[in-house]
Amino acid sequence: MEVLYKRCCGIDIHKNMMVACIFTSVRKKEIRQFSTMTEDILQLVSWLKETDCEMAAMESTGSYWKPVYNIFEEEQIPIMVVNAQHIKGVPGRKTDVKDAEWIADLVRHGLVKASYIPNRD
C-alpha cells in the first residue's frame with residue numbers, strides 16, 4: 001500500500017488519558033501516554049513538532065477530542081477528527097496502544113476521512 005504520510009500520529013483519547021503513536025519512518029514508531037490536562041496536551045504538541053509530524057488523527061469519541069483539537073488548531077498542527085465507526089478495526093484490537101497504532105496506520109495510508117468541523121468564525 002502507498003504511504004501518504006511518512007510522519008504521522010494516531011491518538012486514542014479517553015477522559016483522563018490519551019495514547020499517541022507516531023510513525024517517524026517506514027518501519028519506526030514511537031508510543032507515548034499523556035494525561036488530558038492542558039500541560040500534557042502541549043507536551044504532545046511539542047513532541048509532534050519535534051518529529052515533524054505531517055498529519056495527526058484521533059477518534060471523535062464523546063467530547064474528549066475538543067480540547068485537543070482546539071490546542072492543535074491554535075498551534076497549527078494538522079489534525080483530523082475521524083468518526084470512530086469508520087476506523088473500527090479487526091475484532092480483538094482493544095488496547096489503547098493498539099488503537100493508537102491502528103489510527104496512525106490508517107492515516108499513514110490515507111484510509112480515513114476527516115469529519116467536518118466548522119471553523120471558529
# chains A, B, ... in the order shown; residues from 1 in each chain; ligands from 1

$ select_by_dssp --residues "stretch 12-88 of chain A" --states "strand (DSSP E)" --output "PDB file with N, CA, C and O atoms, in the first residue's frame"
ATOM      1  N   ASP A  12      -5.373   7.961  20.611  1.00  0.00           N
ATOM      2  CA  ASP A  12      -6.541   7.335  21.235  1.00  0.00           C
ATOM      3  C   ASP A  12      -6.823   8.116  22.511  1.00  0.00           C
ATOM      4  O   ASP A  12      -5.998   8.141  23.425  1.00  0.00           O
ATOM      5  N   ILE A  13      -7.982   8.791  22.560  1.00  0.00           N
ATOM      6  CA  ILE A  13      -8.293   9.697  23.661  1.00  0.00           C
ATOM      7  C   ILE A  13      -9.377   9.113  24.559  1.00  0.00           C
ATOM      8  O   ILE A  13     -10.367   8.579  24.085  1.00  0.00           O
ATOM      9  N   MET A  17      -6.844  10.286  29.945  1.00  0.00           N
ATOM     10  CA  MET A  17      -5.551   9.984  29.335  1.00  0.00           C
ATOM     11  C   MET A  17      -5.688   9.796  27.843  1.00  0.00           C
ATOM     12  O   MET A  17      -6.776   9.596  27.333  1.00  0.00           O
ATOM     13  N   MET A  18      -4.552   9.904  27.164  1.00  0.00           N
ATOM     14  CA  MET A  18      -4.512   9.643  25.732  1.00  0.00           C
ATOM     15  C   MET A  18      -3.196   8.952  25.411  1.00  0.00           C
ATOM     16  O   MET A  18      -2.183   9.153  26.075  1.00  0.00           O
ATOM     17  N   VAL A  19      -3.253   8.100  24.392  1.00  0.00           N
ATOM     18  CA  VAL A  19      -2.077   7.379  23.916  1.00  0.00           C
ATOM     19  C   VAL A  19      -1.830   7.834  22.496  1.00  0.00           C
ATOM     20  O   VAL A  19      -2.748   7.877  21.680  1.00  0.00           O
ATOM     21  N   ALA A  20      -0.582   8.203  22.208  1.00  0.00           N
ATOM     22  CA  ALA A  20      -0.224   8.668  20.871  1.00  0.00           C
ATOM     23  C   ALA A  20       0.843   7.760  20.286  1.00  0.00           C
ATOM     24  O   ALA A  20       1.786   7.370  20.968  1.00  0.00           O
ATOM     25  N   CYS A  21       0.680   7.431  19.016  1.00  0.00           N
ATOM     26  CA  CYS A  21       1.652   6.611  18.287  1.00  0.00           C
ATOM     27  C   CYS A  21       2.097   7.408  17.069  1.00  0.00           C
ATOM     28  O   CYS A  21       1.269   7.796  16.245  1.00  0.00           O
ATOM     29  N   ILE A  22       3.404   7.651  16.962  1.00  0.00           N
ATOM     30  CA  ILE A  22       3.943   8.381  15.818  1.00  0.00           C
ATOM     31  C   ILE A  22       4.799   7.443  14.986  1.00  0.00           C
ATOM     32  O   ILE A  22       5.696   6.781  15.505  1.00  0.00           O
ATOM     33  N   PHE A  23       4.489   7.394  13.693  1.00  0.00           N
ATOM     34  CA  PHE A  23       5.376   6.722  12.742  1.00  0.00           C
ATOM     35  C   PHE A  23       6.358   7.780  12.260  1.00  0.00           C
ATOM     36  O   PHE A  23       5.955   8.805  11.716  1.00  0.00           O
ATOM     37  N   LYS A  29       8.313   3.385  14.858  1.00  0.00           N
ATOM     38  CA  LYS A  29       7.202   4.046  15.543  1.00  0.00           C
ATOM     39  C   LYS A  29       7.587   4.283  16.991  1.00  0.00           C
ATOM     40  O   LYS A  29       8.441   3.607  17.550  1.00  0.00           O
ATOM     41  N   GLU A  30       6.935   5.283  17.565  1.00  0.00           N
ATOM     42  CA  GLU A  30       7.171   5.615  18.962  1.00  0.00           C
ATOM     43  C   GLU A  30       5.814   5.845  19.621  1.00  0.00           C
ATOM     44  O   GLU A  30       4.933   6.478  19.032  1.00  0.00           O
ATOM     45  N   ILE A  31       5.655   5.353  20.839  1.00  0.00           N
ATOM     46  CA  ILE A  31       4.373   5.449  21.543  1.00  0.00           C
ATOM     47  C   ILE A  31       4.598   6.122  22.895  1.00  0.00           C
ATOM     48  O   ILE A  31       5.536   5.785  23.611  1.00  0.00           O
ATOM     49  N   ARG A  32       3.716   7.084  23.195  1.00  0.00           N
ATOM     50  CA  ARG A  32       3.772   7.763  24.488  1.00  0.00           C
ATOM     51  C   ARG A  32       2.355   7.948  25.025  1.00  0.00           C
ATOM     52  O   ARG A  32       1.398   8.026  24.270  1.00  0.00           O
ATOM     53  N   GLN A  33       2.278   8.062  26.339  1.00  0.00           N
ATOM     54  CA  GLN A  33       0.991   8.274  27.004  1.00  0.00           C
ATOM     55  C   GLN A  33       1.012   9.646  27.679  1.00  0.00           C
ATOM     56  O   GLN A  33       2.022  10.054  28.243  1.00  0.00           O
ATOM     57  N   PHE A  34      -0.120  10.350  27.606  1.00  0.00           N
ATOM     58  CA  PHE A  34      -0.257  11.677  28.186  1.00  0.00           C
ATOM     59  C   PHE A  34      -1.578  11.763  28.944  1.00  0.00           C
ATOM     60  O   PHE A  34      -2.521  11.049  28.620  1.00  0.00           O
ATOM     61  N   SER A  35      -1.648  12.687  29.887  1.00  0.00           N
ATOM     62  CA  SER A  35      -2.943  12.966  30.510  1.00  0.00           C
ATOM     63  C   SER A  35      -3.684  13.939  29.587  1.00  0.00           C
ATOM     64  O   SER A  35      -3.121  14.421  28.609  1.00  0.00           O
ATOM     65  N   MET A  55       0.719  14.774   9.757  1.00  0.00           N
ATOM     66  CA  MET A  55      -0.721  14.672   9.982  1.00  0.00           C
ATOM     67  C   MET A  55      -0.974  13.859  11.240  1.00  0.00           C
ATOM     68  O   MET A  55      -0.301  12.859  11.482  1.00  0.00           O
ATOM     69  N   ALA A  56      -1.930  14.312  12.024  1.00  0.00           N
ATOM     70  CA  ALA A  56      -2.354  13.575  13.218  1.00  0.00           C
ATOM     71  C   ALA A  56      -3.848  13.299  13.087  1.00  0.00           C
ATOM     72  O   ALA A  56      -4.562  14.037  12.411  1.00  0.00           O
ATOM     73  N   ALA A  57      -4.295  12.225  13.717  1.00  0.00           N
ATOM     74  CA  ALA A  57      -5.720  11.886  13.682  1.00  0.00           C
ATOM     75  C   ALA A  57      -6.133  11.308  15.028  1.00  0.00           C
ATOM     76  O   ALA A  57      -5.334  10.690  15.728  1.00  0.00           O
ATOM     77  N   MET A  58      -7.402  11.532  15.355  1.00  0.00           N
ATOM     78  CA  MET A  58      -7.961  10.985  16.590  1.00  0.00           C
ATOM     79  C   MET A  58      -9.421  10.667  16.370  1.00  0.00           C
ATOM     80  O   MET A  58     -10.067  11.223  15.483  1.00  0.00           O
ATOM     81  N   GLU A  59      -9.936   9.753  17.188  1.00  0.00           N
ATOM     82  CA  GLU A  59     -11.349   9.387  17.115  1.00  0.00           C
ATOM     83  C   GLU A  59     -12.201  10.509  17.686  1.00  0.00           C
ATOM     84  O   GLU A  59     -11.773  11.218  18.588  1.00  0.00           O
ATOM     85  N   ILE A  79      -4.477  18.254  11.964  1.00  0.00           N
ATOM     86  CA  ILE A  79      -5.202  17.254  12.739  1.00  0.00           C
ATOM     87  C   ILE A  79      -6.502  16.875  12.043  1.00  0.00           C
ATOM     88  O   ILE A  79      -7.158  17.717  11.457  1.00  0.00           O
ATOM     89  N   MET A  80      -6.833  15.601  12.109  1.00  0.00           N
ATOM     90  CA  MET A  80      -8.079  15.069  11.581  1.00  0.00           C
ATOM     91  C   MET A  80      -8.864  14.467  12.731  1.00  0.00           C
ATOM     92  O   MET A  80      -8.300  13.746  13.547  1.00  0.00           O
ATOM     93  N   VAL A  81     -10.128  14.773  12.792  1.00  0.00           N
ATOM     94  CA  VAL A  81     -11.020  14.086  13.725  1.00  0.00           C
ATOM     95  C   VAL A  81     -11.804  13.104  12.865  1.00  0.00           C
ATOM     96  O   VAL A  81     -12.395  13.486  11.860  1.00  0.00           O
ATOM     97  N   VAL A  82     -11.763  11.839  13.265  1.00  0.00           N
ATOM     98  CA  VAL A  82     -12.327  10.779  12.441  1.00  0.00           C
ATOM     99  C   VAL A  82     -13.462  10.090  13.191  1.00  0.00           C
ATOM    100  O   VAL A  82     -13.358   9.837  14.393  1.00  0.00           O
TER     101      VAL A  82
END

$ residues_around --residues "stretch 36-52 of chain A" --least-positions-apart "3" --cutoff "7 Å" --atoms "only C-alpha atoms" --output "ChimeraX atom specification"
/A:7,16-18,24,68,72

$ atom_distance --atom1 "atom CA of A:Ile71" --atom2 "atom CA of A:Pro118"
15.4 Å

$ select_by_dssp --residues "chain A" --states "helix (DSSP H, G or I)" --output "PyMOL selection string"
chain A and resi 38-50+65-74+84-86+96-108

$ atom_distance --atom1 "atom CA of A:Lys15" --atom2 "atom CA of A:Glu54"
25.7 Å

$ atom_distance --atom1 "atom CA of A:Ser63" --atom2 "atom CA of A:Thr95"
20.3 Å

$ closest_residue --among "A:Tyr5, A:Gly10, A:Ser25, A:Gly62" --to "A:Val97" --atoms "only C-alpha atoms"
A:Gly10
